[in-house]
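Text of start.cif (mmCIF, C-alpha atoms and all ligand atoms) as supplied:
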```cif
data_input
loop_
_atom_site.label_atom_id
_atom_site.label_comp_id
_atom_site.auth_asym_id
_atom_site.auth_seq_id
_atom_site.Cartn_x
_atom_site.Cartn_y
_atom_site.Cartn_z
CA MET A 5 45.10 28.12 -8.58
CA GLU A 6 42.01 26.12 -9.47
CA PHE A 7 41.47 24.06 -12.59
CA GLN A 8 39.53 25.88 -15.29
CA PRO A 9 37.28 24.18 -17.84
CA PHE A 10 38.44 24.18 -21.49
CA GLN A 11 36.61 25.50 -24.53
CA TYR A 12 36.06 22.39 -26.62
CA ILE A 13 34.34 20.69 -29.52
CA TYR A 14 33.12 17.11 -29.17
CA LYS A 15 31.93 15.10 -32.17
CA SER A 16 30.64 11.61 -31.54
CA ALA A 17 31.10 8.83 -34.09
CA GLY A 18 27.93 7.27 -32.65
CA ASN A 19 29.75 4.16 -31.43
CA PRO A 20 30.73 3.90 -27.74
CA ALA A 21 33.61 1.53 -28.64
CA ALA A 22 35.20 4.00 -31.09
CA PRO A 23 38.64 5.50 -30.46
CA THR A 24 38.60 9.19 -29.53
CA LEU A 25 41.13 11.54 -31.07
CA LEU A 26 42.13 14.23 -28.57
CA LEU A 27 43.06 17.21 -30.74
CA LEU A 28 45.62 19.65 -29.34
CA HIS A 29 46.48 22.65 -31.48
CA GLY A 30 49.74 24.59 -31.83
CA THR A 31 50.47 28.09 -30.46
CA GLY A 32 47.91 30.61 -31.72
CA GLY A 33 45.43 27.93 -32.79
CA ASP A 34 42.14 26.94 -31.29
CA GLU A 35 39.73 24.01 -31.04
CA ASN A 36 38.69 24.38 -34.70
CA ASP A 37 42.22 24.04 -36.09
CA LEU A 38 42.73 20.30 -36.29
CA ILE A 39 39.16 19.20 -37.06
CA GLU A 40 39.77 19.02 -40.81
CA LEU A 41 43.05 17.22 -40.34
CA ALA A 42 41.35 14.72 -37.99
CA ALA A 43 38.81 13.94 -40.72
CA ARG A 44 41.71 12.40 -42.67
CA PHE A 45 41.78 9.65 -40.03
CA GLY A 46 38.27 8.54 -41.12
CA ASN A 47 34.80 9.17 -39.73
CA GLN A 48 34.79 6.23 -37.34
CA ASN A 49 36.50 8.16 -34.50
CA ASN A 50 35.06 10.45 -31.85
CA LEU A 51 36.77 13.83 -31.80
CA LEU A 52 37.49 15.89 -28.70
CA SER A 53 39.25 19.13 -29.53
CA LEU A 54 40.43 21.53 -26.82
CA ARG A 55 41.51 25.15 -26.80
CA GLY A 56 44.56 25.82 -24.63
CA ASN A 57 43.74 27.74 -21.46
CA VAL A 58 46.79 30.03 -21.59
CA SER A 59 46.95 33.19 -23.67
CA GLU A 60 50.29 34.51 -24.93
CA HIS A 61 49.51 38.00 -26.23
CA GLY A 62 46.12 36.71 -27.37
CA MET A 63 47.48 33.44 -28.81
CA PRO A 64 46.02 30.35 -27.15
CA ARG A 65 48.54 27.82 -25.79
CA PHE A 66 48.34 24.80 -23.53
CA PHE A 67 50.93 26.12 -21.05
CA LYS A 68 53.10 29.17 -20.47
CA ARG A 69 56.59 29.58 -21.85
CA LEU A 70 59.39 31.87 -20.75
CA GLY A 71 60.94 32.17 -24.23
CA MET A 72 61.11 30.23 -27.50
CA GLY A 73 61.42 26.59 -26.50
CA VAL A 74 61.85 27.49 -22.79
CA PHE A 75 58.86 26.24 -20.89
CA ASP A 76 57.37 27.36 -17.58
CA GLU A 77 57.57 23.84 -16.17
CA GLU A 78 55.48 24.55 -13.06
CA ASP A 79 52.70 25.83 -15.30
CA LEU A 80 53.16 22.84 -17.64
CA LYS A 81 52.67 20.45 -14.70
CA PHE A 82 49.57 22.27 -13.51
CA ARG A 83 48.10 22.49 -17.04
CA THR A 84 48.77 18.81 -17.69
CA ASP A 85 46.87 17.85 -14.53
CA GLU A 86 44.11 20.29 -15.50
CA LEU A 87 43.80 18.73 -18.97
CA VAL A 88 43.73 15.14 -17.64
CA ASP A 89 41.08 16.06 -15.07
CA PHE A 90 38.93 17.82 -17.68
CA VAL A 91 39.19 15.10 -20.34
CA GLY A 92 38.28 12.44 -17.75
CA LYS A 93 35.13 14.42 -16.89
CA ILE A 94 34.17 14.87 -20.57
CA ALA A 95 34.67 11.13 -21.18
CA ALA A 96 32.13 10.39 -18.42
CA GLN A 97 29.76 13.11 -19.65
CA GLU A 98 29.89 12.18 -23.35
CA GLY A 99 30.18 8.42 -22.79
CA PHE A 100 33.38 7.65 -24.69
CA ASP A 101 35.92 5.06 -23.60
CA PRO A 102 38.84 6.92 -21.95
CA LYS A 103 41.07 3.88 -22.55
CA LYS A 104 40.73 4.51 -26.29
CA LEU A 105 41.90 8.09 -26.17
CA VAL A 106 44.62 8.92 -28.71
CA ALA A 107 46.19 12.37 -28.53
CA LEU A 108 46.84 14.13 -31.83
CA GLY A 109 48.95 17.16 -31.04
CA TYR A 110 50.88 19.64 -33.12
CA SER A 111 53.81 21.61 -31.71
CA ASN A 112 52.62 23.14 -28.41
CA GLY A 113 49.77 20.58 -28.40
CA ALA A 114 52.25 17.75 -28.99
CA ASN A 115 54.25 19.03 -26.04
CA ILE A 116 51.40 18.84 -23.54
CA ALA A 117 50.55 15.40 -24.95
CA GLY A 118 54.17 14.42 -24.25
CA SER A 119 53.95 15.81 -20.75
CA THR A 120 50.81 13.69 -20.22
CA LEU A 121 52.72 10.56 -21.33
CA PHE A 122 55.25 11.17 -18.56
CA MET A 123 53.02 12.55 -15.78
CA HIS A 124 50.03 10.24 -16.34
CA PRO A 125 51.44 7.17 -18.12
CA GLY A 126 48.18 5.18 -18.03
CA PHE A 127 45.96 7.95 -19.30
CA LEU A 128 46.38 7.98 -23.10
CA GLY A 129 45.79 4.91 -25.27
CA GLY A 130 48.26 6.31 -27.80
CA ALA A 131 49.70 9.56 -29.07
CA ILE A 132 50.54 11.22 -32.36
CA LEU A 133 53.15 13.91 -31.75
CA LEU A 134 53.69 16.23 -34.69
CA ARG A 135 56.84 18.40 -34.25
CA PRO A 136 57.26 17.61 -30.53
CA MET A 137 59.90 18.84 -28.10
CA GLN A 138 60.86 17.22 -24.82
CA PRO A 139 58.40 18.82 -22.38
CA PHE A 140 60.66 18.96 -19.31
CA LYS A 141 64.39 19.78 -19.40
CA VAL A 142 65.22 17.08 -16.89
CA LEU A 143 63.21 13.96 -17.50
CA GLU A 144 63.52 10.40 -16.19
CA PRO A 145 61.87 7.38 -17.79
CA VAL A 146 58.59 6.38 -16.14
CA SER A 147 56.99 2.97 -15.81
CA GLY A 148 53.66 1.94 -17.25
CA GLY A 149 54.03 3.57 -20.66
CA HIS A 150 53.17 0.63 -22.86
CA VAL A 151 51.04 2.26 -25.57
CA PRO A 152 52.06 3.19 -29.15
CA VAL A 153 53.45 6.65 -29.85
CA PHE A 154 54.03 8.14 -33.29
CA ALA A 155 56.21 11.22 -33.85
CA THR A 156 57.30 13.26 -36.85
CA THR A 157 60.05 15.85 -36.76
CA GLY A 158 61.51 18.07 -39.48
CA THR A 159 65.23 17.99 -40.29
CA THR A 160 65.23 21.76 -40.96
CA ASP A 161 62.90 22.72 -38.12
CA PRO A 162 64.68 25.72 -36.51
CA THR A 163 62.83 25.26 -33.20
CA ILE A 164 64.05 21.73 -32.43
CA ARG A 165 67.57 20.23 -32.27
CA GLN A 166 67.77 16.75 -33.78
CA SER A 167 70.06 15.51 -31.01
CA ASP A 168 67.43 16.59 -28.44
CA THR A 169 64.75 14.72 -30.37
CA LYS A 170 66.84 11.55 -30.28
CA LYS A 171 67.19 11.83 -26.47
CA TYR A 172 63.46 12.47 -26.10
CA MET A 173 62.51 9.47 -28.25
CA ASP A 174 64.91 7.30 -26.23
CA LEU A 175 63.24 8.44 -22.99
CA LEU A 176 59.83 7.50 -24.39
CA LYS A 177 61.17 4.08 -25.40
CA LYS A 178 62.82 3.52 -22.01
CA SER A 179 59.42 4.29 -20.45
CA GLY A 180 57.97 1.37 -22.41
CA TYR A 181 56.25 3.30 -25.20
CA ALA A 182 56.27 1.66 -28.63
CA VAL A 183 57.73 4.59 -30.54
CA THR A 184 57.59 5.10 -34.30
CA HIS A 185 59.64 8.18 -35.16
CA GLN A 186 59.80 9.59 -38.68
CA GLU A 187 62.26 12.32 -39.63
CA LEU A 188 61.02 14.31 -42.59
CA GLN A 189 63.00 16.63 -44.88
CA THR A 190 61.02 19.67 -43.84
CA GLY A 191 60.67 22.44 -41.25
CA HIS A 192 58.16 23.12 -38.45
CA ASN A 193 55.07 23.25 -40.68
CA LEU A 194 53.11 20.10 -41.35
CA THR A 195 53.21 18.40 -44.74
CA GLN A 196 51.05 15.87 -46.54
CA GLU A 197 53.71 13.29 -45.70
CA ASP A 198 53.10 13.81 -41.96
CA LEU A 199 49.46 13.05 -42.54
CA HIS A 200 49.96 10.00 -44.76
CA LEU A 201 52.34 8.45 -42.25
CA ALA A 202 50.24 9.30 -39.18
CA VAL A 203 47.01 8.00 -40.73
CA ALA A 204 48.67 4.73 -41.83
CA TRP A 205 50.17 4.27 -38.34
CA PHE A 206 46.81 4.97 -36.68
CA HIS A 207 44.86 2.58 -38.91
CA GLU A 208 47.28 -0.25 -38.25
CA ARG A 209 46.83 0.10 -34.52
CA PHE A 210 43.37 1.48 -33.74
CA LYS A 211 40.98 0.15 -36.39
C1 LIG B 301 56.11 25.26 -27.44
O1 LIG B 301 56.19 26.38 -26.98
O2 LIG B 301 55.38 24.37 -27.02
C2 LIG B 301 57.02 24.99 -28.59
O3 LIG B 301 58.01 25.95 -28.65
C3 LIG B 301 56.29 24.92 -29.85
C4 LIG B 301 55.49 26.13 -30.12
O4 LIG B 301 54.36 26.18 -29.70
O5 LIG B 301 55.97 27.06 -30.78
#
```

Output the structure of this file as structure tokens.
Amino acid sequence: MEFQPFQYIYKSAGNPAAPTLLLLHGTGGDENDLIELAARFGNQNNLLSLRGNVSEHGMPRFFKRLGMGVFDEEDLKFRTDELVDFVGKIAAQEGFDPKKLVALGYSNGANIAGSTLFMHPGFLGGAILLRPMQPFKVLEPVSGGHVPVFATTGTTDPTIRQSDTKKYMDLLKKSGYAVTHQELQTGHNLTQEDLHLAVAWFHERFK
């Protein structure tokens, strides 16, 4: 199978040194979904927002799944490589600094961002993972993951077990990532608290 291009939106902040938020939507979303949310991070960032290349009964996703929370890991590997290849090309085309790329992913989008952290540890300059799940069932720590990672999970999220989240966060830490994990008293949907915490974390590190 060959890599396909992604549907995307790119908005330049007009400053080549600016960080670029890589927006990755949840299942059934598209490249428009997280634009408003990204505006909460200020207008000094470039935005690159992708639409997942997989369709599940018409719902865009970033990779295939076999059931709820059961991922097609071969497809996930392929789609992660496809995304990294595409984003690298867009960085060259649009002239943003790929070293200042910070993923902002929700749910399915957070999961391909997580897969990128393990498969391509030098690629992202940071990641904000909102309601993430461990992308691969069997996962070993990698080396070279030294960038900051922020994650929020919900204590009543029916899609994610808290003990699995703890293992996943530990794997990120063992890979060298500087992890900030916040557990919120909520479910799978995002709340204002997610945003407040993520924006504060981002401004401390990327301004
Ligand atoms: C996934 O499939 O990536 C997770 O189950 C989250 C979701 O998109 O529902």

| field | From A:Leu133, A:Leu41, A:Leu51, A:Met173, residue lying nearest ligand LIG 301 (chain B) [all atoms listed in the file] | value |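 For ligand LIG 301 (chain B), the nearest of the candidates is A:Leu133.
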
If you count only C-alpha atoms, which residues fall within 7 Å of Asn115 of chain A, apart from same-chain ones fewer than 2 positions away, as a compact mmCIF listing (two decimals) with C-alpha atoms, in the frame of the given file?
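Output below, filename out.txt:
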```txt
# COMPACT_ATOMS: atom_id res chain seq x y z
CA SER A 111 53.81 21.61 -31.71
CA ASN A 112 52.62 23.14 -28.41
CA GLY A 113 49.77 20.58 -28.40
CA ALA A 117 50.55 15.40 -24.95
CA GLY A 118 54.17 14.42 -24.25
CA SER A 119 53.95 15.81 -20.75
CA PRO A 136 57.26 17.61 -30.53
CA MET A 137 59.90 18.84 -28.10
CA GLN A 138 60.86 17.22 -24.82
CA PRO A 139 58.40 18.82 -22.38
```

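In this structure, atom CA of Asn50 of chain A sits 18.7 Å away from atom CA of Pro152 of chain A.
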
I want to know what sits within 9 Å of Asn36 of chain A, based on all atoms listed in the file, with residues of the same chain fewer than 3 positions away left out; could you give that as a compact mmCIF listing (two decimals) with C-alpha atoms, keeping the file's coordinate frame?
```txt
# COMPACT_ATOMS: atom_id res chain seq x y z
CA TYR A 12 36.06 22.39 -26.62
CA ILE A 13 34.34 20.69 -29.52
CA HIS A 29 46.48 22.65 -31.48
CA GLY A 33 45.43 27.93 -32.79
CA ILE A 39 39.16 19.20 -37.06
CA GLU A 40 39.77 19.02 -40.81
CA SER A 53 39.25 19.13 -29.53
CA LEU A 54 40.43 21.53 -26.82
CA ARG A 55 41.51 25.15 -26.80
```

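Nearest to ligand LIG 301 (chain B) of all the residues A:Thr169, A:Gln189, A:Thr163, A:Gln97 is A:Thr163, counting all atoms listed in the file.
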
| Using all atoms listed in the file, which residues sit within 8 Å of segment 63-69 of chain A once same-chain residues fewer than 6 positions away are excluded, as an MDAnalysis selection string? | chainID A and resid 29:34 55:57 75:76 79:80 83 112:113 116

Only C-alpha atoms, please: the residues just picked out, written as a PDB file, in the frame of the given file.
```pdb
ATOM      1  CA  HIS A  29      46.480  22.650 -31.480  1.00  0.00           C
ATOM      2  CA  GLY A  30      49.740  24.590 -31.830  1.00  0.00           C
ATOM      3  CA  THR A  31      50.470  28.090 -30.460  1.00  0.00           C
ATOM      4  CA  GLY A  32      47.910  30.610 -31.720  1.00  0.00           C
ATOM      5  CA  GLY A  33      45.430  27.930 -32.790  1.00  0.00           C
ATOM      6  CA  ASP A  34      42.140  26.940 -31.290  1.00  0.00           C
ATOM      7  CA  ARG A  55      41.510  25.150 -26.800  1.00  0.00           C
ATOM      8  CA  GLY A  56      44.560  25.820 -24.630  1.00  0.00           C
ATOM      9  CA  ASN A  57      43.740  27.740 -21.460  1.00  0.00           C
ATOM     10  CA  PHE A  75      58.860  26.240 -20.890  1.00  0.00           C
ATOM     11  CA  ASP A  76      57.370  27.360 -17.580  1.00  0.00           C
ATOM     12  CA  ASP A  79      52.700  25.830 -15.300  1.00  0.00           C
ATOM     13  CA  LEU A  80      53.160  22.840 -17.640  1.00  0.00           C
ATOM     14  CA  ARG A  83      48.100  22.490 -17.040  1.00  0.00           C
ATOM     15  CA  ASN A 112      52.620  23.140 -28.410  1.00  0.00           C
ATOM     16  CA  GLY A 113      49.770  20.580 -28.400  1.00  0.00           C
ATOM     17  CA  ILE A 116      51.400  18.840 -23.540  1.00  0.00           C
TER      18      ILE A 116
END
```

If we count all atoms listed in the file, what is near Lys177 of chain A at a cut-off of 12 Å, once residues fewer than 4 positions away on the same chain are taken out, given as a PDB file with C-alpha atoms, in the coordinates of the input?
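Okay, this is what ended up in out26.pdb:
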```pdb
ATOM      1  CA  LEU A 121      52.720  10.560 -21.330  1.00  0.00           C
ATOM      2  CA  PHE A 122      55.250  11.170 -18.560  1.00  0.00           C
ATOM      3  CA  GLU A 144      63.520  10.400 -16.190  1.00  0.00           C
ATOM      4  CA  PRO A 145      61.870   7.380 -17.790  1.00  0.00           C
ATOM      5  CA  VAL A 146      58.590   6.380 -16.140  1.00  0.00           C
ATOM      6  CA  SER A 147      56.990   2.970 -15.810  1.00  0.00           C
ATOM      7  CA  GLY A 148      53.660   1.940 -17.250  1.00  0.00           C
ATOM      8  CA  GLY A 149      54.030   3.570 -20.660  1.00  0.00           C
ATOM      9  CA  HIS A 150      53.170   0.630 -22.860  1.00  0.00           C
ATOM     10  CA  VAL A 151      51.040   2.260 -25.570  1.00  0.00           C
ATOM     11  CA  PRO A 152      52.060   3.190 -29.150  1.00  0.00           C
ATOM     12  CA  VAL A 153      53.450   6.650 -29.850  1.00  0.00           C
ATOM     13  CA  PHE A 154      54.030   8.140 -33.290  1.00  0.00           C
ATOM     14  CA  LYS A 170      66.840  11.550 -30.280  1.00  0.00           C
ATOM     15  CA  LYS A 171      67.190  11.830 -26.470  1.00  0.00           C
ATOM     16  CA  TYR A 172      63.460  12.470 -26.100  1.00  0.00           C
ATOM     17  CA  MET A 173      62.510   9.470 -28.250  1.00  0.00           C
ATOM     18  CA  TYR A 181      56.250   3.300 -25.200  1.00  0.00           C
ATOM     19  CA  ALA A 182      56.270   1.660 -28.630  1.00  0.00           C
ATOM     20  CA  VAL A 183      57.730   4.590 -30.540  1.00  0.00           C
ATOM     21  CA  THR A 184      57.590   5.100 -34.300  1.00  0.00           C
ATOM     22  CA  HIS A 185      59.640   8.180 -35.160  1.00  0.00           C
TER      23      HIS A 185
END
```

| said: Under the rule that all atoms listed in the file are counted, which of A:His124, A:Arg44, A:Lys104, A:Arg209 is the nearest residue to Leu87 of chain A? | reply: A:His124

| message | Would you pick out the contacts of Thr160 of chain A at 9 Å or less, using all atoms listed in the file, so that residues sharing its chain but fewer than 6 positions from it are not included, and give the list as a list of chain:residue names? | response |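 Returned residues: A:Leu188, A:Gln189, A:Thr190, A:Gly191, A:His192.
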
| When distances are computed from all atoms listed in the file, which of A:Ser167, A:Gln11, A:Ser179, A:Asn19 shows the smallest separation from Val58 of chain A? |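 Checking each of A:Ser167, A:Gln11, A:Ser179, A:Asn19 against Val58 of chain A, counting all atoms listed in the file, the winner is A:Gln11.
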
| said: So, with all atoms listed in the file as the atoms that count, which of A:Glu98, A:Asp85, A:Glu60, A:Glu197 lies closest to ligand LIG 301 (chain B)? | reply: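 The answer is A:Glu60, which sits nearest to ligand LIG 301 (chain B).
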
| message | Just checking: using only C-alpha atoms, which residue out of A:Gln196, A:Val88, A:Leu108, A:Lys211 ends up closest to Ala22 of chain A? | response |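 With only C-alpha atoms as the atom set, the closest residue is A:Lys211.
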
Reconstruct N, CA and C atoms of segment 88-113 of chain A; output as an mmCIF file, in the frame of the given file.
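selection-v9.cif was written with the following content:
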```cif
data_model
loop_
_atom_site.group_PDB
_atom_site.id
_atom_site.type_symbol
_atom_site.label_atom_id
_atom_site.label_comp_id
_atom_site.auth_asym_id
_atom_site.auth_seq_id
_atom_site.Cartn_x
_atom_site.Cartn_y
_atom_site.Cartn_z
ATOM 1 N N VAL A 88 44.099 16.539 -17.938
ATOM 2 C CA VAL A 88 43.730 15.140 -17.640
ATOM 3 C C VAL A 88 42.423 15.109 -16.843
ATOM 4 N N ASP A 89 42.305 15.991 -15.878
ATOM 5 C CA ASP A 89 41.080 16.060 -15.070
ATOM 6 C C ASP A 89 39.872 16.395 -15.962
ATOM 7 N N PHE A 90 40.044 17.377 -16.831
ATOM 8 C CA PHE A 90 38.930 17.820 -17.680
ATOM 9 C C PHE A 90 38.529 16.725 -18.668
ATOM 10 N N VAL A 91 39.506 16.123 -19.322
ATOM 11 C CA VAL A 91 39.190 15.100 -20.340
ATOM 12 C C VAL A 91 38.510 13.895 -19.679
ATOM 13 N N GLY A 92 38.938 13.543 -18.480
ATOM 14 C CA GLY A 92 38.280 12.440 -17.750
ATOM 15 C C GLY A 92 36.800 12.761 -17.508
ATOM 16 N N LYS A 93 36.528 14.013 -17.149
ATOM 17 C CA LYS A 93 35.130 14.420 -16.890
ATOM 18 C C LYS A 93 34.315 14.395 -18.181
ATOM 19 N N ILE A 94 34.903 14.850 -19.283
ATOM 20 C CA ILE A 94 34.170 14.870 -20.570
ATOM 21 C C ILE A 94 33.918 13.436 -21.040
ATOM 22 N N ALA A 95 34.865 12.543 -20.790
ATOM 23 C CA ALA A 95 34.670 11.130 -21.180
ATOM 24 C C ALA A 95 33.424 10.579 -20.479
ATOM 25 N N ALA A 96 33.294 10.871 -19.177
ATOM 26 C CA ALA A 96 32.130 10.390 -18.420
ATOM 27 C C ALA A 96 30.852 11.053 -18.938
ATOM 28 N N GLN A 97 30.938 12.335 -19.198
ATOM 29 C CA GLN A 97 29.760 13.110 -19.650
ATOM 30 C C GLN A 97 29.295 12.670 -21.040
ATOM 31 N N GLU A 98 30.248 12.491 -21.956
ATOM 32 C CA GLU A 98 29.890 12.180 -23.350
ATOM 33 C C GLU A 98 29.795 10.677 -23.604
ATOM 34 N N GLY A 99 30.307 9.869 -22.668
ATOM 35 C CA GLY A 99 30.180 8.420 -22.790
ATOM 36 C C GLY A 99 31.158 7.786 -23.769
ATOM 37 N N PHE A 100 32.369 8.361 -23.895
ATOM 38 C CA PHE A 100 33.380 7.650 -24.690
ATOM 39 C C PHE A 100 34.340 6.901 -23.779
ATOM 40 N N ASP A 101 35.035 5.926 -24.385
ATOM 41 C CA ASP A 101 35.920 5.060 -23.600
ATOM 42 C C ASP A 101 37.270 5.759 -23.399
ATOM 43 N N PRO A 102 37.577 6.186 -22.158
ATOM 44 C CA PRO A 102 38.840 6.920 -21.950
ATOM 45 C C PRO A 102 40.075 6.078 -22.241
ATOM 46 N N LYS A 103 39.907 4.757 -22.251
ATOM 47 C CA LYS A 103 41.070 3.880 -22.550
ATOM 48 C C LYS A 103 41.423 3.940 -24.039
ATOM 49 N N LYS A 104 40.490 4.457 -24.839
ATOM 50 C CA LYS A 104 40.730 4.510 -26.290
ATOM 51 C C LYS A 104 40.988 5.943 -26.759
ATOM 52 N N LEU A 105 41.616 6.691 -25.883
ATOM 53 C CA LEU A 105 41.900 8.090 -26.170
ATOM 54 C C LEU A 105 43.291 8.191 -26.818
ATOM 55 N N VAL A 106 43.341 8.759 -28.017
ATOM 56 C CA VAL A 106 44.620 8.920 -28.710
ATOM 57 C C VAL A 106 44.849 10.409 -28.950
ATOM 58 N N ALA A 107 45.898 10.946 -28.338
ATOM 59 C CA ALA A 107 46.190 12.370 -28.530
ATOM 60 C C ALA A 107 46.731 12.603 -29.933
ATOM 61 N N LEU A 108 46.302 13.692 -30.537
ATOM 62 C CA LEU A 108 46.840 14.130 -31.830
ATOM 63 C C LEU A 108 47.227 15.587 -31.633
ATOM 64 N N GLY A 109 48.517 15.814 -31.403
ATOM 65 C CA GLY A 109 48.950 17.160 -31.040
ATOM 66 C C GLY A 109 49.997 17.684 -31.992
ATOM 67 N N TYR A 110 49.888 18.971 -32.283
ATOM 68 C CA TYR A 110 50.880 19.640 -33.120
ATOM 69 C C TYR A 110 51.642 20.666 -32.277
ATOM 70 N N SER A 111 52.960 20.597 -32.309
ATOM 71 C CA SER A 111 53.810 21.610 -31.710
ATOM 72 C C SER A 111 53.470 21.803 -30.226
ATOM 73 N N ASN A 112 52.953 22.945 -29.824
ATOM 74 C CA ASN A 112 52.620 23.140 -28.410
ATOM 75 C C ASN A 112 51.651 22.054 -27.919
ATOM 76 N N GLY A 113 50.713 21.658 -28.770
ATOM 77 C CA GLY A 113 49.770 20.580 -28.400
ATOM 78 C C GLY A 113 50.463 19.239 -28.263
#
```
